[in-house]
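Undergrad: Next comes the structure file coords.csv, holding CSV, C-alpha atoms and all ligand atoms.
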```csv
chain,number,residue,atom,x,y,z
A,4,MET,CA,-10.5,-26.2,-28.0
A,5,ILE,CA,-12.2,-25.1,-24.8
A,6,VAL,CA,-15.2,-22.9,-25.0
A,7,ARG,CA,-17.0,-21.8,-21.8
A,8,ASP,CA,-19.7,-19.4,-21.1
A,9,TYR,CA,-19.4,-17.1,-18.0
A,10,GLY,CA,-23.2,-17.2,-17.3
A,11,ALA,CA,-23.2,-21.0,-17.4
A,12,ALA,CA,-20.1,-21.3,-15.3
A,13,ARG,CA,-21.6,-19.2,-12.6
A,14,ASP,CA,-24.0,-22.1,-11.9
A,15,THR,CA,-21.1,-24.5,-11.3
A,16,ASP,CA,-18.4,-25.0,-8.6
A,17,ARG,CA,-16.2,-22.8,-10.7
A,18,HIS,CA,-18.1,-19.9,-9.1
A,19,VAL,CA,-16.5,-19.0,-5.7
A,20,VAL,CA,-18.2,-16.4,-3.5
A,21,THR,CA,-16.6,-14.7,-0.5
A,22,GLU,CA,-17.5,-11.6,1.6
A,23,GLY,CA,-15.6,-9.1,-0.5
A,24,TRP,CA,-15.4,-10.7,-4.0
A,25,ASP,CA,-16.7,-13.4,-6.2
A,26,SER,CA,-14.9,-15.2,-9.0
A,27,VAL,CA,-15.8,-17.4,-11.9
A,28,ARG,CA,-12.7,-19.5,-12.6
A,29,LEU,CA,-13.1,-20.1,-16.4
A,30,LEU,CA,-9.7,-21.9,-16.8
A,31,LEU,CA,-8.1,-24.0,-14.0
A,32,LYS,CA,-4.9,-26.1,-13.7
A,33,ASP,CA,-6.7,-29.2,-15.0
A,34,ASP,CA,-7.4,-27.4,-18.3
A,35,GLY,CA,-3.7,-27.7,-19.1
A,36,MET,CA,-3.1,-24.1,-20.3
A,37,GLY,CA,-0.3,-23.3,-17.9
A,38,PHE,CA,-2.3,-20.5,-16.4
A,39,SER,CA,-5.7,-20.0,-14.9
A,40,PHE,CA,-8.2,-17.4,-16.0
A,41,HIS,CA,-10.8,-15.8,-13.8
A,42,ILE,CA,-13.5,-13.2,-14.0
A,43,THR,CA,-13.5,-11.6,-10.6
A,44,THR,CA,-15.9,-9.0,-9.2
A,45,ILE,CA,-14.6,-6.9,-6.3
A,46,PHE,CA,-17.6,-5.6,-4.4
A,47,ALA,CA,-18.0,-1.9,-4.0
A,48,GLY,CA,-16.3,-0.7,-0.8
A,49,ALA,CA,-14.4,-3.9,-0.2
A,50,GLU,CA,-10.9,-3.7,1.3
A,51,LEU,CA,-8.9,-6.8,0.5
A,52,PRO,CA,-5.3,-7.4,1.7
A,53,MET,CA,-3.6,-9.9,-0.6
A,54,HIS,CA,-0.2,-11.4,-1.0
A,55,TYR,CA,0.1,-14.1,-3.7
A,56,LYS,CA,3.5,-15.4,-2.5
A,57,HIS,CA,3.4,-18.5,-4.8
A,58,HIS,CA,1.7,-17.1,-7.9
A,59,LEU,CA,2.2,-14.3,-10.4
A,60,GLU,CA,-1.0,-12.5,-11.4
A,61,SER,CA,-2.1,-10.1,-14.1
A,62,VAL,CA,-5.4,-8.3,-13.9
A,63,TYR,CA,-7.3,-6.2,-16.4
A,64,CYS,CA,-10.3,-4.0,-15.4
A,65,ILE,CA,-13.4,-4.5,-17.6
A,66,SER,CA,-15.8,-2.3,-15.6
A,67,GLY,CA,-16.3,-0.4,-12.3
A,68,ASP,CA,-13.7,1.4,-10.3
A,69,GLY,CA,-11.3,0.9,-7.4
A,70,SER,CA,-7.7,1.1,-6.4
A,71,ILE,CA,-4.6,-1.0,-5.6
A,72,GLU,CA,-2.1,-0.1,-2.9
A,73,ASP,CA,1.5,-1.4,-3.2
A,74,CYS,CA,2.3,-2.3,0.4
A,75,ALA,CA,6.1,-2.0,-0.3
A,76,THR,CA,5.9,1.7,-1.3
A,77,GLY,CA,2.4,2.9,-0.1
A,78,GLU,CA,1.7,4.0,-3.7
A,79,VAL,CA,-2.0,3.9,-4.6
A,80,HIS,CA,-3.0,3.3,-8.3
A,81,ALA,CA,-6.5,4.0,-9.5
A,82,ILE,CA,-8.2,1.1,-11.3
A,83,ARG,CA,-10.7,1.8,-14.0
A,84,PRO,CA,-11.7,0.1,-17.3
A,85,GLY,CA,-8.7,-0.3,-19.5
A,86,VAL,CA,-6.2,-0.4,-16.7
A,87,MET,CA,-4.0,-3.6,-16.2
A,88,TYR,CA,-1.7,-4.4,-13.3
A,89,ALA,CA,0.7,-7.3,-13.0
A,90,LEU,CA,2.1,-8.6,-9.7
A,91,ASP,CA,5.4,-9.5,-11.2
A,92,ARG,CA,7.2,-9.6,-7.9
A,93,ASN,CA,4.6,-11.4,-5.9
A,94,ASP,CA,3.8,-7.9,-4.7
A,95,LYS,CA,1.9,-7.6,-1.4
A,96,HIS,CA,-1.1,-5.3,-2.0
A,97,ILE,CA,-4.5,-4.0,-0.9
A,98,LEU,CA,-7.2,-4.1,-3.4
A,99,ARG,CA,-10.1,-1.7,-2.8
A,100,GLY,CA,-13.5,-1.6,-4.4
A,101,GLY,CA,-14.7,1.8,-5.3
A,102,ASP,CA,-18.2,3.2,-5.6
A,103,THR,CA,-19.3,0.5,-7.9
A,104,ASP,CA,-18.5,-3.2,-8.2
A,105,MET,CA,-15.3,-3.7,-10.2
A,106,VAL,CA,-15.1,-6.5,-12.8
A,107,LEU,CA,-11.6,-7.9,-13.5
A,108,ALA,CA,-10.2,-10.5,-15.8
A,109,CYS,CA,-7.3,-12.2,-14.0
A,110,CYS,CA,-4.6,-14.7,-15.0
A,111,PHE,CA,-2.6,-16.8,-12.5
A,112,ASN,CA,0.7,-18.5,-13.1
A,113,PRO,CA,1.0,-21.2,-12.0
A,114,PRO,CA,-2.7,-21.9,-12.5
A,115,VAL,CA,-5.0,-22.3,-9.4
A,116,THR,CA,-6.6,-25.6,-9.0
A,117,GLY,CA,-10.0,-24.3,-8.0
A,118,ARG,CA,-9.9,-25.0,-4.3
A,119,GLU,CA,-7.9,-22.0,-3.2
A,120,VAL,CA,-9.2,-19.4,-0.7
A,121,HIS,CA,-7.0,-16.7,0.8
A,122,ARG,CA,-5.0,-17.9,3.8
A,123,GLU,CA,-4.4,-15.6,6.8
A,124,ASP,CA,-1.3,-14.2,5.2
A,125,GLY,CA,-3.2,-13.2,2.0
A,126,SER,CA,-1.7,-16.0,-0.1
A,127,TYR,CA,-3.0,-19.0,-1.9
A,128,ALA,CA,-1.3,-22.4,-1.2
A,129,PRO,CA,1.4,-23.4,-3.6
A,130,VAL,CA,0.0,-25.7,-6.4
A,131,GLU,CA,1.4,-28.9,-4.9
A,132,GLU,CA,-0.5,-28.2,-1.6
A,133,ALA,CA,-3.7,-27.2,-3.3
A,134,ALA,CA,-3.8,-30.1,-5.7
B,1,LIG,C1,-8.1,-9.5,-8.3
B,1,LIG,C2,-7.7,-10.9,-7.8
B,1,LIG,O1,-7.0,-11.0,-6.9
B,1,LIG,N1,-8.2,-11.8,-8.4
B,1,LIG,C3,-7.9,-13.2,-8.0
B,1,LIG,C4,-9.0,-14.1,-8.5
B,1,LIG,C5,-9.9,-14.4,-7.4
B,1,LIG,N2,-9.6,-13.9,-6.2
B,1,LIG,C6,-10.0,-15.9,-7.5
B,1,LIG,O2,-10.6,-16.5,-8.4
B,1,LIG,O3,-9.3,-16.5,-6.6
```
Translate this structure into structure tokens?
TA:
Amino acid sequence: MIVRDYGAARDTDRHVVTEGWDSVRLLLKDDGMGFSFHITTIFAGAELPMHYKHHLESVYCISGDGSIEDCATGEVHAIRPGVMYALDRNDKHILRGGDTDMVLACCFNPPVTGREVHREDGSYAPVEEAA
């Protein structure tokens, strides 16, 4: 069994901080679960183009507000606590923070290794390159 505390993990290299978001990666590839699990905070007002070409991702909003734009259709979906989205087609998207920081629980398949940052095209490297 694996038990980890978010507050404790924030003080380790599982905590990744960037300009528009931070993330505590509670489960990574090495944990052997077949997915990774992250608690990510999107900062208020951030605008984040993303395109996970090599990963599927599901995201559940715990608190805060924001939106996601589907780049294929231009459709914009409000995100608020209780809303889930799944990028089941490696969907290119723009995630926007709202008036308050938005806290999200995220799963990646395949799992991230812990080293990933967004590349210029909005993707993370495939697992074999990031390993
Ligand atoms: C919402 C979103 O894209 N979350 C991804 C997790 C976070 N960017 C991370 O830990 O890499």
Undergrad: What gap, in Å, lies between atom CA of Thr103 of chain A and atom CA of Tyr55 of chain A?
TA: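 Atom CA of Tyr55 of chain A lies at a distance of 24.6 Å from atom CA of Thr103 of chain A.
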Undergrad: At a cut-off of 6 Å around ligand LIG 1 (chain B), and using all atoms listed in the file, what residues come up? Please write them as a list in words.
TA: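 Using all atoms listed in the file, I find these residues within 6 Å of ligand LIG 1 (chain B): Ser26, Arg28, His41, Thr43 and Cys109 of chain A.
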Undergrad: I'd like the interatomic distance between atom CA of Val130 of chain A and atom CA of His58 of chain A, to a tenth of an Å.
TA: 8.9 Å
Undergrad: Select all residues near (-4.9, -17.9, -15.0) (cut-off 7 Å, inclusive, file coordinates), counting all atoms listed in the file, and output them as JSON, numbers by chain.
TA: {"A": [30, 31, 38, 39, 40, 41, 109, 110, 111, 112, 114]}
Undergrad: Mind writing the picked residues with C-alpha atoms as a PDB file, keeping the file's coordinate frame?
TA:
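The resulting out_29.pdb:
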```pdb
ATOM      1  CA  LEU A  30      -9.700 -21.900 -16.800  1.00  0.00           C
ATOM      2  CA  LEU A  31      -8.100 -24.000 -14.000  1.00  0.00           C
ATOM      3  CA  PHE A  38      -2.300 -20.500 -16.400  1.00  0.00           C
ATOM      4  CA  SER A  39      -5.700 -20.000 -14.900  1.00  0.00           C
ATOM      5  CA  PHE A  40      -8.200 -17.400 -16.000  1.00  0.00           C
ATOM      6  CA  HIS A  41     -10.800 -15.800 -13.800  1.00  0.00           C
ATOM      7  CA  CYS A 109      -7.300 -12.200 -14.000  1.00  0.00           C
ATOM      8  CA  CYS A 110      -4.600 -14.700 -15.000  1.00  0.00           C
ATOM      9  CA  PHE A 111      -2.600 -16.800 -12.500  1.00  0.00           C
ATOM     10  CA  ASN A 112       0.700 -18.500 -13.100  1.00  0.00           C
ATOM     11  CA  PRO A 114      -2.700 -21.900 -12.500  1.00  0.00           C
TER      12      PRO A 114
END
```
Undergrad: What is the atom CA of Ile42 of chain A to atom CA of Glu72 of chain A distance in Å?
TA: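 So the answer is 20.6 Å.
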Undergrad: Measuring atom to atom with all atoms listed in the file, identify which of A:Asp68, A:Asp8, A:Asp94, A:Asp34 is nearest to Gly125 of chain A.
TA: A:Asp94
Undergrad: List as a list in words the protein and nucleic acid residues near Gly48 of chain A, meaning an atom at most 10 Å away when only C-alpha atoms are counted, but skip any in the same chain fewer than 3 places from it.
TA: Gly23, Ile45, Leu51, Gly69, Arg99, Gly100, Gly101, Asp102, Thr103, Asp104 and Met105 of chain A
